[in-house]
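Input: a single structure, listed below in C-alpha cells.
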Amino acid sequence: MGPLPTPLKPTPIVFSGKGDDVVSLNLDAKEGWTGEAAMRITATGDGNFVVRNFGKDGVAKGLLVNAIGAYRGVVLLDTYGEAPTERLEVKSSGTWRFEVISEFDIPKRVAPFIYESQGDDVLMSIGGDIAKFEAPNNKGNFVVLEDSVSLTGPDLFQRKLLVNKIGAYTGSAILGFQLSTLIVKAGGPWKVTVTARR
C-alpha cells in the first residue's frame, strides 16, 4: 500500500467591491473546500459595515461582522460538519476586500504557546489545556468561541462560549478535546497563553 494522498490545498479566493452587494462563493462546488474556512476582511467607510453568510437553502448562517467605520479582521466562515457558505451579503458605506482561506491557511499552534493579535481573529490550538486571555485595553465586546474536534468519543464537534465580556478582560478557560479553533471578537489588541494538556 502506497502513501496516503495529500489533501488538496485550495487557493485563497479574493473578492473586492464597494457599497452594498451580494457575493457568490459557491464553496460546495469547489474542490478541496471542506472542513473549516475563514475570511480575511478589510473595509473602509464611516458608516455601518455588516457581513452575513448564507447556505444553499437561502437561510442566513451567521452574522460575521457588525461594525461601524473602517474594519480589519479575520472571521470564521464555515466550521466542521456544516454545509459550506454559498453567498455573502454585504452592507457597506465604503470599499471592501475579502480573502477566503481554507483551514490550511488558518494559523495553527501546538501547545504550549503564546499568540498575540489585534481585533477579530481565528486560530487553531493543538493539544491545548488551559487558555488565558488578556485584553487590558479592549473597547466594546470581547468574545471567544471555541469549536473543538475530538479524535475519539461520540461527540466529534462541539461549540462552546469561552468568554463574553464588555471592556478590558483577563481570565482563563479550559479548552475541549484535542483540536480547538478559537474565534475571537475583540475591539483592540489581545493575547492568549495556552498550556499543554498533560
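In the C-alpha cells, each chain is lettered A, B, ... as it comes, each chain's residues begin at 1, and ligands are numbered from 1 in order of appearance.
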
Excluding Gln158 of chain A and its own-chain neighbours fewer than 4 positions away, which residues fall within 10 Å of it when counting only C-alpha atoms? Please give them as a PDB file with N, CA, C and O atoms, in the first residue's frame.
```
ATOM      1  N   TYR A  80     -16.483  22.642  10.839  1.00  0.00           N
ATOM      2  CA  TYR A  80     -16.636  21.224  10.528  1.00  0.00           C
ATOM      3  C   TYR A  80     -18.095  20.792  10.653  1.00  0.00           C
ATOM      4  O   TYR A  80     -18.818  21.244  11.548  1.00  0.00           O
ATOM      5  N   GLU A 146     -15.170  28.633  20.970  1.00  0.00           N
ATOM      6  CA  GLU A 146     -14.277  27.512  20.672  1.00  0.00           C
ATOM      7  C   GLU A 146     -15.040  26.432  19.917  1.00  0.00           C
ATOM      8  O   GLU A 146     -16.063  25.946  20.377  1.00  0.00           O
ATOM      9  N   ASP A 147     -14.540  26.093  18.742  1.00  0.00           N
ATOM     10  CA  ASP A 147     -15.000  24.900  18.027  1.00  0.00           C
ATOM     11  C   ASP A 147     -13.969  23.824  18.284  1.00  0.00           C
ATOM     12  O   ASP A 147     -12.794  23.992  17.930  1.00  0.00           O
ATOM     13  N   SER A 148     -14.375  22.723  18.910  1.00  0.00           N
ATOM     14  CA  SER A 148     -13.408  21.674  19.234  1.00  0.00           C
ATOM     15  C   SER A 148     -13.753  20.385  18.511  1.00  0.00           C
ATOM     16  O   SER A 148     -14.906  20.093  18.236  1.00  0.00           O
ATOM     17  N   VAL A 149     -12.702  19.646  18.196  1.00  0.00           N
ATOM     18  CA  VAL A 149     -12.822  18.384  17.481  1.00  0.00           C
ATOM     19  C   VAL A 149     -12.163  17.299  18.321  1.00  0.00           C
ATOM     20  O   VAL A 149     -11.040  17.461  18.787  1.00  0.00           O
ATOM     21  N   SER A 150     -12.876  16.193  18.528  1.00  0.00           N
ATOM     22  CA  SER A 150     -12.323  15.065  19.266  1.00  0.00           C
ATOM     23  C   SER A 150     -11.922  13.972  18.286  1.00  0.00           C
ATOM     24  O   SER A 150     -12.665  13.664  17.349  1.00  0.00           O
ATOM     25  N   GLY A 176     -11.437  22.314  25.029  1.00  0.00           N
ATOM     26  CA  GLY A 176     -12.013  20.990  24.876  1.00  0.00           C
ATOM     27  C   GLY A 176     -11.297  20.167  23.829  1.00  0.00           C
ATOM     28  O   GLY A 176     -10.780  20.683  22.843  1.00  0.00           O
ATOM     29  N   PHE A 177     -11.256  18.866  24.043  1.00  0.00           N
ATOM     30  CA  PHE A 177     -10.774  17.913  23.062  1.00  0.00           C
ATOM     31  C   PHE A 177      -9.341  18.189  22.608  1.00  0.00           C
ATOM     32  O   PHE A 177      -8.608  18.955  23.225  1.00  0.00           O
ATOM     33  N   SER A 180      -8.688  22.590  18.826  1.00  0.00           N
ATOM     34  CA  SER A 180      -9.635  23.677  19.078  1.00  0.00           C
ATOM     35  C   SER A 180      -9.412  24.792  18.077  1.00  0.00           C
ATOM     36  O   SER A 180      -8.274  25.187  17.819  1.00  0.00           O
TER      37      SER A 180
END
```

Can you tell me which residues surround Leu64 of chain A at a distance of at most 12 Å, considering only C-alpha atoms, apart from same-chain residues fewer than 5 positions away, and format the answer as a ChimeraX atom specification? /A:38-41,49-54,73-78,85,88-91,120-121,183-185

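Using only C-alpha atoms, the nearest neighbour of Ile101 of chain A within the list A:Arg87, A:Lys9, A:Lys160, A:Arg197 is A:Lys9.
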
Enumerate as an MDAnalysis selection string all residues of segment 32-67 of chain A assigned to strand (DSSP E or B) by DSSP on the backbone, naming them with the chain letters and numbers the document uses. chainID A and resid 37:43 48:54 60:67

Would you save the residues of that selection, restricted to C-alpha atoms, as a PDB file, in the first residue's frame?
```
ATOM      1  CA  ALA A  37     -12.793  28.117   6.164  1.00  0.00           C
ATOM      2  CA  ALA A  38     -12.070  31.644   7.335  1.00  0.00           C
ATOM      3  CA  MET A  39     -12.109  35.061   5.719  1.00  0.00           C
ATOM      4  CA  ARG A  40      -9.685  37.977   5.987  1.00  0.00           C
ATOM      5  CA  ILE A  41     -11.567  41.257   5.634  1.00  0.00           C
ATOM      6  CA  THR A  42     -10.529  44.862   5.155  1.00  0.00           C
ATOM      7  CA  ALA A  43     -13.081  47.646   4.696  1.00  0.00           C
ATOM      8  CA  ASN A  48     -22.191  50.517   9.245  1.00  0.00           C
ATOM      9  CA  PHE A  49     -20.283  47.563   7.862  1.00  0.00           C
ATOM     10  CA  VAL A  50     -22.235  44.295   8.034  1.00  0.00           C
ATOM     11  CA  VAL A  51     -21.444  40.889   6.506  1.00  0.00           C
ATOM     12  CA  ARG A  52     -23.738  37.834   6.673  1.00  0.00           C
ATOM     13  CA  ASN A  53     -23.166  34.426   5.125  1.00  0.00           C
ATOM     14  CA  PHE A  54     -25.859  32.192   3.617  1.00  0.00           C
ATOM     15  CA  ALA A  60     -28.535  33.096   6.964  1.00  0.00           C
ATOM     16  CA  LYS A  61     -25.824  31.044   8.659  1.00  0.00           C
ATOM     17  CA  GLY A  62     -24.451  33.841  10.766  1.00  0.00           C
ATOM     18  CA  LEU A  63     -23.566  37.476  11.299  1.00  0.00           C
ATOM     19  CA  LEU A  64     -19.863  37.587  10.501  1.00  0.00           C
ATOM     20  CA  VAL A  65     -19.239  41.306  11.022  1.00  0.00           C
ATOM     21  CA  ASN A  66     -21.299  44.118  12.534  1.00  0.00           C
ATOM     22  CA  ALA A  67     -19.067  47.171  12.860  1.00  0.00           C
TER      23      ALA A  67
END
```

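Proximity to Lys30 of chain A was assessed for A:Asp46, A:Leu8, A:Val143, A:Phe133 counting only C-alpha atoms; the smallest distance is recorded for A:Leu8.
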
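Candidate residues A:Ser24, A:Gln118, A:Thr34, A:Ser102 were compared for distance to Glu86 of chain A, and the nearest is A:Ser24, using only C-alpha atoms.
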
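The shortest atom-to-atom distance to Ile126 of chain A, with only C-alpha atoms taken into account, belongs to A:Leu182 out of A:Leu145, A:Val100, A:Leu182, A:Ala168.
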